[in-house]
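> Provided herewith is a single structure, encoded as structure tokens, for subsequent inquiry.
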Amino acid sequence: MSFPHPLPELQPSPVTLSDLAGVRASGVAAGIKVSGAPDVALLVADAPVACAGIFTQNKFAAAPVLVSREHLHQSGGMIRAVVVSSGNANACTGDAGLRDAREMAARVARGVGCAEHEVLVCSTGVIGHPLPMQKVRAGIDGALAALSSEPRAGRDFLRAIMTTDAFAKESGERARALIAGVCKGAGMIQPDMATMLAFVATDARATPSELAAAMPALARRSFNAVHVDTHPSTNDTFLLLATGRAQATVAEIAPDLERVCRRLAWLIARDGEGATKVTTISVTGARTDEAARVVAAGIAASALVRTALFGNDPNWGRFVSQVGNSPAVMSVEGLRCTLQGVVVFEHGSPTAFDRAATSLAMRAEDVSLDIALAEGSGSAALMTSDLGYRYVEVNAEYTT
């Protein structure tokens with residue numbers, strides 16, 4: 001039996017990665033995926049560009065993560081290319097996996113005409129299988145030949161990084177500077193790093209150290225604020241690149257960057273391997289911001305909460321009781337719970353809200369769940385997907 005997965009109606013982003021001056025992209029099919037879908041992606045800058053990255057905290061960090069960390073350090077954060085293979089994570093593959101990741105960087109470097117440490121490597125897909133390097137080599141050669149600055153090239157890159165994604169995830173804008181971002185991810189997502197793979201580029205000015213300084217706060221409010229299933233990947237990578245061709249600085253466009261990244265994070269939660277909606281859980285009045293984040297994370301991780309969201313069930317008891325379970329809460333006196341703008345619980349008791357009307361309001365793609373405590377000024381917000389039949393179906397059959 002196959003369960004439906006209602007997809008969002010999305011408008012294409014006004015900009016793609018290849019719209020950035022001096023940047024080319026490509027995505028080709030090399031046969032890594034049995035479906036025959038594109039699976040090798042390449043992003044190349046004509047000159048070195050500033051770059052910073054945030055990577056998985058999983059102790060089984062995949063070979064491409066180890067190589068990319070090393071190359072960012074060796075290059076001082078000035079890179080020329082990013083190569084991505086999808087369909088195979090090259091994770092838990094030992095020394096052979098490291099050799100394969102380094103060979104991917106070396107092959108791209110020869111084709112681009114740069115140093116190996118100026119190439120970053122990413123992979124995503126099934127864990128524990130050796131890369132089919134004959135196919136990867138052919139894919140890299142094909143991606144080098146297909147490099148283009150046309151808008152379609154940025155979207156070719158995006159399609160080639162996808163795995164279980166039900167739809168393409170992109171966001172961007174033209175304001176004080178051009179910003180273009182893409183990501184992939186639907187499962188193995190927890191607010192413990194970033195996401196599966198995310199690439200955001202701008203023509204704003206920044207040094208690698210300035211990008212590195214900006215990234216933690218940016219990730220905390222976007223990719224680190226999205227929850228699907230309490231399971232960070234071995235391959236999580238978030239890269240931020242700046243070509244420096246515009247007048248604006250990265251500091252000046254910080255709100256724009258955050259808006260683009262939050263949109264990408266929302267799209268990950270919306271996919272959620274069967275998700276029908278995204279619920280933003282906002283916690284205010286906690287003792288500290290970190291305490292608020294702990295409370296929000298506990299709610300977001302609850303299967304009972306997320307199945308209630310899937311069923312459009314305004315079951316305030318699940319939300320409120322989970323707050324009471326949090327070690328970050330000293331007192332629930334004064335707690336107020338608001339669902340889709342409707343106060344459903346306050347002063348220690350449920351309110352006389354219209355359950356049918358509230359349930360109807362929960363059918364929206366964007367749902368708000370606000371928890372107000374009375375312990376301090378701390379606040380936080382996390383995005384979570386609902387949990388339905390399709391999630392079990394996808395993950396029960398992932399490798400079989």
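Chain labels follow the order of the structure tokens: the first chain is A, the next B, and so on; residue numbering restarts at 1 in every chain, and ligands are counted from 1 in their shown order.
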Any chance you could list, as a PyMOL selection string, the residues in range 263-383 of chain A that come up helix (DSSP H, G or I) when DSSP is run on the backbone?
chain A and resi 263-271+289-300+303-310+316-325+355-361
> Go through A:Asp236, A:Asp366, A:Asp271, A:Glu252 one by one, measure the shortest atom-to-atom distance of each to Ile54 in chain A using only C-alpha atoms, and give the residue with the smallest value.
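Closest to Ile54 in chain A of all the choices is A:Asp236.
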> Fewer than 2 positions away in the same chain doesn't count, so skip those; otherwise give me all residues within 7 Å of Ala225 in chain A, counting only C-alpha atoms, as a CSV table (one decimal) with N, CA and C atoms, in the first residue's frame.

chain,number,residue,atom,x,y,z
A,191,PRO,N,17.8,19.2,14.9
A,191,PRO,CA,18.5,20.4,15.2
A,191,PRO,C,19.8,20.2,16.0
A,220,ARG,N,21.7,28.5,13.5
A,220,ARG,CA,20.9,28.3,14.7
A,220,ARG,C,19.4,28.7,14.5
A,221,ARG,N,19.3,29.7,13.6
A,221,ARG,CA,17.9,30.2,13.4
A,221,ARG,C,17.3,29.6,12.1
A,222,SER,N,18.0,28.7,11.4
A,222,SER,CA,17.4,28.1,10.2
A,222,SER,C,17.7,26.6,10.2
A,223,PHE,N,18.8,26.1,9.7
A,223,PHE,CA,19.0,24.7,9.6
A,223,PHE,C,19.1,24.0,10.9
A,227,HIS,N,13.4,20.2,12.6
A,227,HIS,CA,13.4,18.8,13.2
A,227,HIS,C,12.5,17.9,12.3
A,381,ALA,N,12.6,29.2,18.8
A,381,ALA,CA,11.6,28.7,17.8
A,381,ALA,C,12.2,27.5,17.0
A,382,LEU,N,11.5,26.5,16.8
A,382,LEU,CA,11.9,25.3,16.0
A,382,LEU,C,10.8,25.0,15.1
A,383,MET,N,11.1,24.5,13.9
A,383,MET,CA,10.2,24.0,12.9
A,383,MET,C,10.2,22.4,12.9
> With only C-alpha atoms as the atoms that count, which of A:Ala291, A:Ile253, A:Ala380, A:Ala138 lies nearest to Arg176 in chain A?
A:Ile253
> Just asking: which residues within range 162-342 of chain A are strand (DSSP E) according to DSSP, as a PDB file with C-alpha atoms, in the first residue's frame?

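out.pdb written:
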ATOM      1  CA  LYS A 169      14.255  22.901  -2.474  1.00  0.00           C
ATOM      2  CA  GLU A 170      15.560  26.308  -3.493  1.00  0.00           C
ATOM      3  CA  SER A 171      15.333  29.882  -2.296  1.00  0.00           C
ATOM      4  CA  GLY A 172      16.922  33.178  -3.243  1.00  0.00           C
ATOM      5  CA  GLU A 173      16.475  36.867  -3.780  1.00  0.00           C
ATOM      6  CA  ARG A 174      17.915  39.951  -5.396  1.00  0.00           C
ATOM      7  CA  LEU A 178      22.196  38.376  -4.879  1.00  0.00           C
ATOM      8  CA  ILE A 179      21.589  35.314  -2.690  1.00  0.00           C
ATOM      9  CA  ALA A 180      20.902  31.836  -4.042  1.00  0.00           C
ATOM     10  CA  GLY A 181      20.456  28.701  -1.989  1.00  0.00           C
ATOM     11  CA  VAL A 182      19.595  25.052  -2.505  1.00  0.00           C
ATOM     12  CA  CYS A 183      19.387  22.107  -0.155  1.00  0.00           C
ATOM     13  CA  LYS A 184      18.358  18.492   0.018  1.00  0.00           C
ATOM     14  CA  LEU A 197      23.272  19.141   2.388  1.00  0.00           C
ATOM     15  CA  ALA A 198      22.792  22.891   1.968  1.00  0.00           C
ATOM     16  CA  PHE A 199      24.618  25.307  -0.314  1.00  0.00           C
ATOM     17  CA  VAL A 200      24.037  29.056  -0.076  1.00  0.00           C
ATOM     18  CA  ALA A 201      26.002  31.546  -2.161  1.00  0.00           C
ATOM     19  CA  THR A 202      26.011  35.328  -2.443  1.00  0.00           C
ATOM     20  CA  VAL A 226      14.379  22.223  11.870  1.00  0.00           C
ATOM     21  CA  HIS A 227      13.364  18.812  13.172  1.00  0.00           C
ATOM     22  CA  THR A 237      27.051  19.838   5.481  1.00  0.00           C
ATOM     23  CA  PHE A 238      26.094  23.504   5.220  1.00  0.00           C
ATOM     24  CA  LEU A 239      28.364  25.627   3.021  1.00  0.00           C
ATOM     25  CA  LEU A 240      28.175  29.408   2.682  1.00  0.00           C
ATOM     26  CA  LEU A 241      30.075  31.039  -0.200  1.00  0.00           C
ATOM     27  CA  ALA A 242      30.681  34.709  -1.027  1.00  0.00           C
ATOM     28  CA  VAL A 278       5.214  22.431   9.112  1.00  0.00           C
ATOM     29  CA  THR A 279       4.559  23.497  12.681  1.00  0.00           C
ATOM     30  CA  THR A 280       6.631  26.309  14.127  1.00  0.00           C
ATOM     31  CA  ILE A 281       6.950  25.803  17.876  1.00  0.00           C
ATOM     32  CA  SER A 282       7.682  29.100  19.617  1.00  0.00           C
ATOM     33  CA  VAL A 283       8.585  29.181  23.289  1.00  0.00           C
ATOM     34  CA  THR A 284       8.725  32.449  25.206  1.00  0.00           C
ATOM     35  CA  GLY A 285       9.093  33.345  28.866  1.00  0.00           C
ATOM     36  CA  ALA A 286      11.724  30.699  29.606  1.00  0.00           C
ATOM     37  CA  ARG A 336      -0.330  29.496  28.150  1.00  0.00           C
ATOM     38  CA  CYS A 337      -0.676  27.356  25.016  1.00  0.00           C
ATOM     39  CA  THR A 338      -1.847  28.916  21.755  1.00  0.00           C
ATOM     40  CA  LEU A 339      -2.571  26.833  18.647  1.00  0.00           C
ATOM     41  CA  VAL A 342      -6.342  30.213  19.466  1.00  0.00           C
TER      42      VAL A 342
END
> So which residues touch Ala50 in chain A within 10 Å, counting only C-alpha atoms, skipping near sequence neighbours fewer than 6 positions away, as a list in words?
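Final neighbour list, sorted by chain and number: Leu72, Ser75, Gly76, Gly77, Met78, Ile79, Arg80, Ala201, Arg205, Ala206, Thr207, Pro208, Ser209, Glu210, Leu211, Ala212, Leu240, Leu241, Ala242, Thr243 and Gly244 of chain A.
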> Could you pull the residues within 10 Å of Arg102 in chain A, counting only C-alpha atoms, minus those fewer than 3 positions along the same chain, as a ChimeraX atom specification?
/A:63-64,66-68,71,96-99,105-107,116-117,119-121
> I need the residue nearest Cys51 in chain A from this list: A:Lys277, A:Ala109, A:Ala214, A:Thr358. Use only C-alpha atoms for the distance.
A:Ala214
> Using only C-alpha atoms for the distances, tell me which of A:Ser359, A:Met215, A:Ala372, A:Gln340 is nearest to Ala251 in chain A.
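Closest residue, counting only C-alpha atoms: A:Met215.
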